[in-house]
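The structure appears right after this line, and notes come after that.
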Amino acid sequence: MYVAVKGGERAIDNAHAWLAEERRGDTSIAELSLAQIREQLGLAVNRVMAEGSLYDPDLAALAIKQARGDLIEAIFLIRAYRTTLPRFGASDPVDTGRMSCDRRISATFKDAPGGQVLGPTFDYTHRLLDFKLAAESDREDLPETQTAEPRSEDTPHILSFLDGENIIEQEPRTDAEPGDLTREPMSFPAGRAVRLQSLTRGDEGFILGMAYSTQRGYARNHAFVGELRIGSVPVEMEIPELGFAIEIGEIELTECETVNQFKGSKTVPPQFTRGYGLVFGQSERKSIAMALVDRALRWEELGEDNLGAPAQDEEFVLSHADNIQATGFLEHIKLPHYVDFQSELELVRKLRREAAELAEQMAAREAAQ
Amino acid sequence: MTPLLQVKNLAKMYGARIGCTDVSFDLYPGEVMGIVGESGSGKSTLLNSMAGHLTPDRGEVIFDTRADGPVDTVTMSEPARRMLGRTDWAFVHQHARDGLRMSVSAGGNIGERLMAVGDRNYGNIRARAADWLGRVEIAESRIDDRPSAFSGGMQQRLQIARNLVTGPRLVFMDEPTGGLDVSVQARLLDLLRNLVREMGLSAIIVTHDLAVVRLLADRLMVMKDGRVVETGLTDQVLDDPQHAYTQLLVSSVLQV
Amino acid sequence: MSDYNFAYLDEQTKRMIRRAILKGLAVPGYQVPFASREMPMPYGWGTGGVQVSAATLTPEDTLKVIDQGADDTTNAVSIRKFFENTAGVATTEETEKASVIQTRHRIPEAELSEDQILVYQVPIPEPLRFLEPRETETRKMHALQEYGLMHVKLYEDISQHGAIATSYAYPVKVAGRYVTDPSPIPKFDNPKMNMAAIQLFGAGREQRIYAVPPYTEVVSLDFEDFPFEASKADHPCDLCAAEDSYLDEVILDDAGNRMFVCSDTDYCRSRRDAGHMGRLSEEAA
């Protein structure tokens, strides 16, 4: 006989225990260490840091381990942890011109001061499965790399070479305090600073898809990668007690600046414009995509036409970029909705009953005639 | 008599380009004003500036409101202007889909303005929708159909019904017969003329079609390059045009 | 979990949420934007309600959490545990004993009193959202009280189905001003919103808080000749014989036999304790 129980604590406890078991897998296989994840799954760690908005490779590695490799789940763990952290203050803006670059390329100039540095990239690898990696060994035979000493002087931004000619839009310097997406509710129009924050922590797949849509003609903006650079920058913070800024650490960043065509408007002669992407860690695809979407969203400020393309629609892009919001809401439909479904069930039954009665009356009337 | 609408020195610029400028006129209750001119002459800009769809750069649009008498609608608060837009004013768009909700039934389209001003009786709303369908010559049996299932002429008539259901005192019309077949146009014009007479409507009609103003308008304004070049009684202007541009305009169409 | 602050959120955040709650109470039915935090449960699973509860709870409070009217549904259990761990407050399943009740999709059957707070979890706080997807537009519609479109929707329902085909999340007008989403409660619960307790609504993902102060008029939208009807399954509860409670329909066997039981588990239990018996109570016991 039925007993009115709808779920419960034991079920949850058991589910959690089972999950832990599944996470560990076959215990005869050695357990993953956080150091292994951090060192050998570095790009996954980077993505979790970028979209989790928290730069901490060890925590990101822990999150990946706990999430069984589900990166969105790992990002979620990081975000939830992040909210509980007290805020001591804000760093000074990082100066990416001072980046010690592991990689720095330009698609617009063959050579420029600082040179083209290919760095550790998949770009020119042939995507062939390397079965040597399948053979487990303590020491793999690593090919020898010849690395030059990193440049000691600053590497200038390539787009700054266009500044002199006045042929690219000027980015006026501002000391205005940017909004903080994590401390103020989003409102529209959001403004570029908040937009960039939203894009840099937005879902890589979503931003990629949006950027791709601009390339395929939905608000095409003719982007060239003016410069892409990856490397470490020092983070400095003003300490009120000291009265000056000190270096508190270093973070790895990927920065992409695109050069885009702009045919000019009534008040502005034709010139190049910019799109900007900046992401934690080595996150090349994301930063390029971000720059394209940033540029597409700037149509209004540049006096371009609204073509009705999704990537031009700030409210659409920003409202749907966050994968933690998206995944939560998507998955909540598996929560019980008995009550709502019950009321729908009764409504449909009532409407069907009424429709049937009406049909009967009609039939009776016709028969009578 | 107080004019229903007084337009004073109205101007709208697009950057350095003139949309319309130096437009002044009075419209009296029951009067229909036609505005003609070729495309780009500024007639639609003028209409949209008067109706509050565009914000004019200079000038006043004074409407004789029921409650407070003459009020400048340009400086009026947005809620008050929007309220006007769903009570005493009506706007008939050239393209019916700009003026209709295509995913809402014909009855819902007509009923919207009634509900927006507080009618909460379904039976009453439906009866008035049915009545208005009849007045614009659409079969009552189509009341639950969506406008997407209607022909172009029917859509336009539905848009007119949707606008007139609250008994507005001033109707703005932007090329109401544009884009329709000639036979459909004639029927629509006939309908409009009857409605205007029956309801004693005041209207401002923008069109490039002189036949439309000949049939509907008491007075006429001719626009060129954003300015009014000639104004007068319709028959007078059409039969004895003074300005060279009006002469050109009149001579370039078949006589009606 | 002693590393976390009382009720998980830090005091700054709670203060920010309390300001939003107070503003919400001052402007009944108005959706107050607030900087929703990431919580350790997914968006859409009650993060808004949890943040409102966290900002509302004091150590002396007694908390009840229900989902679909029941205390023992998995998500209710999960949220109750969260506050047991992070706030250490007393919890109860008895509606009368709770000072704060967090709910998803139901209002308890027992009448709430002046010293209680009901916190709703809200997925989509904007009642106009499915008529107009743009936030910039809907905010303007609220500001100007342009609610004609909402009635067009109800009109369309009647013209197509002969009745208003909204059975849950049925829109209401609060204090004669704001059209408001009551969260996805069945429309059966709508009349109960005129109550003595404070009602707070939290939407975490959408970053909105709104409120209905005690004894505030809440009217379900309708037409004079098609008045709002609070409907439920036309049966008594098969366990406690209640005629006035919202019922869940439970499929009993492959032959399609069903039973109807109170969705409010505490209400049903208290009635059975008081000796009420339903059609199937003996077997069920």
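Letters A, B, ... mark the chains of the structure tokens in the order given; residue numbers begin at 1 per chain; ligand numbers begin at 1, in order shown.
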Contacts of chain B with chain C up to 10 Å, shortest pair per row, only C-alpha atoms, as a Markdown table:
```
| residue | atom | partner | partner_atom | distance |
| --- | --- | --- | --- | --- |
| B:Glu78 | CA | C:Leu144 | CA | 8.3 |
| B:Pro79 | CA | C:Leu144 | CA | 5.6 |
| B:Ala80 | CA | C:Leu144 | CA | 9.1 |
| B:Arg82 | CA | C:Leu144 | CA | 8.4 |
| B:Met83 | CA | C:Glu146 | CA | 9.0 |
| B:Val104 | CA | C:Glu156 | CA | 7.2 |
| B:Ser105 | CA | C:Glu156 | CA | 7.1 |
| B:Ala106 | CA | C:Glu156 | CA | 9.9 |
| B:Gly107 | CA | C:Glu156 | CA | 8.4 |
| B:Gly108 | CA | C:Val152 | CA | 5.9 |
| B:Asn109 | CA | C:Val152 | CA | 8.0 |
| B:Ile110 | CA | C:Val152 | CA | 9.8 |
| B:Gly111 | CA | C:Val152 | CA | 7.3 |
| B:Glu112 | CA | C:Val152 | CA | 5.9 |
| B:Arg113 | CA | C:Gly148 | CA | 7.2 |
| B:Leu114 | CA | C:Gly148 | CA | 8.2 |
| B:Met115 | CA | C:Gly148 | CA | 5.3 |
| B:Ala116 | CA | C:Gly148 | CA | 3.9 |
| B:Val117 | CA | C:Gly148 | CA | 7.5 |
| B:Gly118 | CA | C:Gly148 | CA | 7.9 |
| B:Asp119 | CA | C:Phe223 | CA | 8.6 |
| B:Arg120 | CA | C:Phe223 | CA | 4.8 |
| B:Asn121 | CA | C:Glu224 | CA | 5.1 |
| B:Tyr122 | CA | C:Phe223 | CA | 5.9 |
| B:Gly123 | CA | C:Asp225 | CA | 6.9 |
| B:Asn124 | CA | C:Asp225 | CA | 9.2 |
| B:Ile125 | CA | C:Tyr155 | CA | 9.0 |
| B:Arg126 | CA | C:Ser159 | CA | 8.9 |
| B:Ile143 | CA | C:Ser159 | CA | 9.1 |
| B:Asp144 | CA | C:Ser159 | CA | 6.8 |
| B:Asp145 | CA | C:Gln160 | CA | 9.9 |
```
_Residues near Gly88 of chain C, cut-off 12 Å, only C-alpha atoms, skip fewer than 5 positions along chain, as a PyMOL selection string_ = chain C and resi 1-2+4-8+54+57-63+80-83
With a distance threshold of 12 Å and counting only C-alpha atoms, extract the residues of chain B near chain A and express them as an mmCIF file with N, CA, C and O atoms, in the first residue's frame.
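out.cif, freshly written:
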```cif
data_model
loop_
_atom_site.group_PDB
_atom_site.id
_atom_site.type_symbol
_atom_site.label_atom_id
_atom_site.label_comp_id
_atom_site.auth_asym_id
_atom_site.auth_seq_id
_atom_site.Cartn_x
_atom_site.Cartn_y
_atom_site.Cartn_z
ATOM 1 N N TYR B 14 18.037 65.884 -37.999
ATOM 2 C CA TYR B 14 18.833 64.659 -37.931
ATOM 3 C C TYR B 14 20.277 65.094 -38.095
ATOM 4 O O TYR B 14 20.745 65.267 -39.216
ATOM 5 N N GLY B 15 20.960 65.350 -36.997
ATOM 6 C CA GLY B 15 22.296 65.925 -37.087
ATOM 7 C C GLY B 15 22.185 67.284 -37.735
ATOM 8 O O GLY B 15 21.426 68.141 -37.286
ATOM 9 N N ALA B 16 22.896 67.493 -38.843
ATOM 10 C CA ALA B 16 22.842 68.789 -39.507
ATOM 11 C C ALA B 16 21.704 68.852 -40.528
ATOM 12 O O ALA B 16 21.360 69.908 -41.030
ATOM 13 N N ARG B 17 21.115 67.687 -40.820
ATOM 14 C CA ARG B 17 20.089 67.622 -41.847
ATOM 15 C C ARG B 17 18.734 67.985 -41.243
ATOM 16 O O ARG B 17 18.415 67.602 -40.118
#
```
_Distance filter 9 Å, only C-alpha atoms, chain A against chain C, as an MDAnalysis selection string_ = chainID A and resid 1:9 11:12 76:77 79:86 181:189 315:316 324:333 335:344 346:348 351 354:355
*Contacts of segment 186-200 of chain B at 8 Å (only C-alpha atoms; same-chain gap of 5+ positions) as a ChimeraX atom specification*: /B:29-30,136,153,157,177,212,215-216
*Tell me, as a PyMOL selection string, which residues lie within 7 Å of Val219 of chain C, counting only C-alpha atoms; anything in the same chain fewer than 3 positions away does not count.*
chain C and resi 172-174
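Residue neighbourhood of Arg219 of chain B, excluding near-sequence residues (fewer than 4 positions): Phe25, Asp26, Leu27, Tyr28, Gly30, Glu31, Val32, Met33, Gly34, Ile35, Val36, Ser202, Ala203, Ile204, Ile205, Val213, Arg214, Leu215, Glu230, Thr231, Gly232, Leu233, Thr234, Asp235, Gln236, Val237 and Leu238 of chain B, at 12 Å, using only C-alpha atoms.
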*Shell around Lys97 of chain C at 12 Å using only C-alpha atoms, local window under 4 positions removed, as JSON, numbers by chain*: {"C": [61, 62, 63, 64, 90, 91, 92, 93, 101, 110, 112, 113, 115, 116, 117, 266]}
Residues just named, written with C-alpha atoms as a CSV table (one decimal), in the first residue's frame:
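File written: again-v2.csv
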```
chain,number,residue,atom,x,y,z
C,61,ASP,CA,14.4,31.8,15.0
C,62,THR,CA,12.7,28.5,14.2
C,63,LEU,CA,12.9,27.6,10.6
C,64,LYS,CA,10.6,25.5,8.5
C,90,ALA,CA,16.1,25.3,15.5
C,91,THR,CA,14.0,23.7,12.7
C,92,THR,CA,10.5,22.4,12.8
C,93,GLU,CA,7.9,20.8,10.5
C,101,ILE,CA,9.1,29.5,6.6
C,110,ALA,CA,-2.7,26.8,8.3
C,112,LEU,CA,-0.1,32.4,9.3
C,113,SER,CA,0.2,35.0,12.0
C,115,ASP,CA,4.9,37.0,14.0
C,116,GLN,CA,5.8,34.8,11.0
C,117,ILE,CA,7.7,35.5,7.8
C,266,ASP,CA,2.2,19.1,8.2
```
*asked:* Using DSSP assignments from the backbone, pull out every residue in segment 77-224 of chain B that falls under helix (DSSP H, G or I) and give it to me as a VMD selection string.
replied: chain B and resid 78 to 85 96 to 99 106 to 116 122 to 135 140 to 142 147 to 149 152 to 164 182 to 199 210 to 216
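Residues of segment 78-209 of chain A assigned to strand (DSSP E or B) by DSSP on this structure's backbone: Ser100, Cys101, Asp102, Arg103, Arg104, Ile105, Val117 and Ile168 of chain A.
Atom CA of Tyr30 of chain C to atom CA of Ala211 of chain C spans 7.5 Å [interatomic distance, one decimal].
Counting only C-alpha atoms, segment 227-229 of chain B has the following residues at most 7 Å away, ignoring those fewer than 2 positions along the same chain: B:Cys20, B:Thr21, B:Asp22, B:Val23, B:Met221, B:Val222, B:Met223, B:Lys224, B:Asp225, B:His243.
Counting from atom CA of Glu304 of chain A, the distance to atom CA of Gly275 of chain A is 14.6 Å.
Here atom CA of Leu180 of chain B stands at a distance of 26.7 Å from atom CA of Gly19 of chain B.
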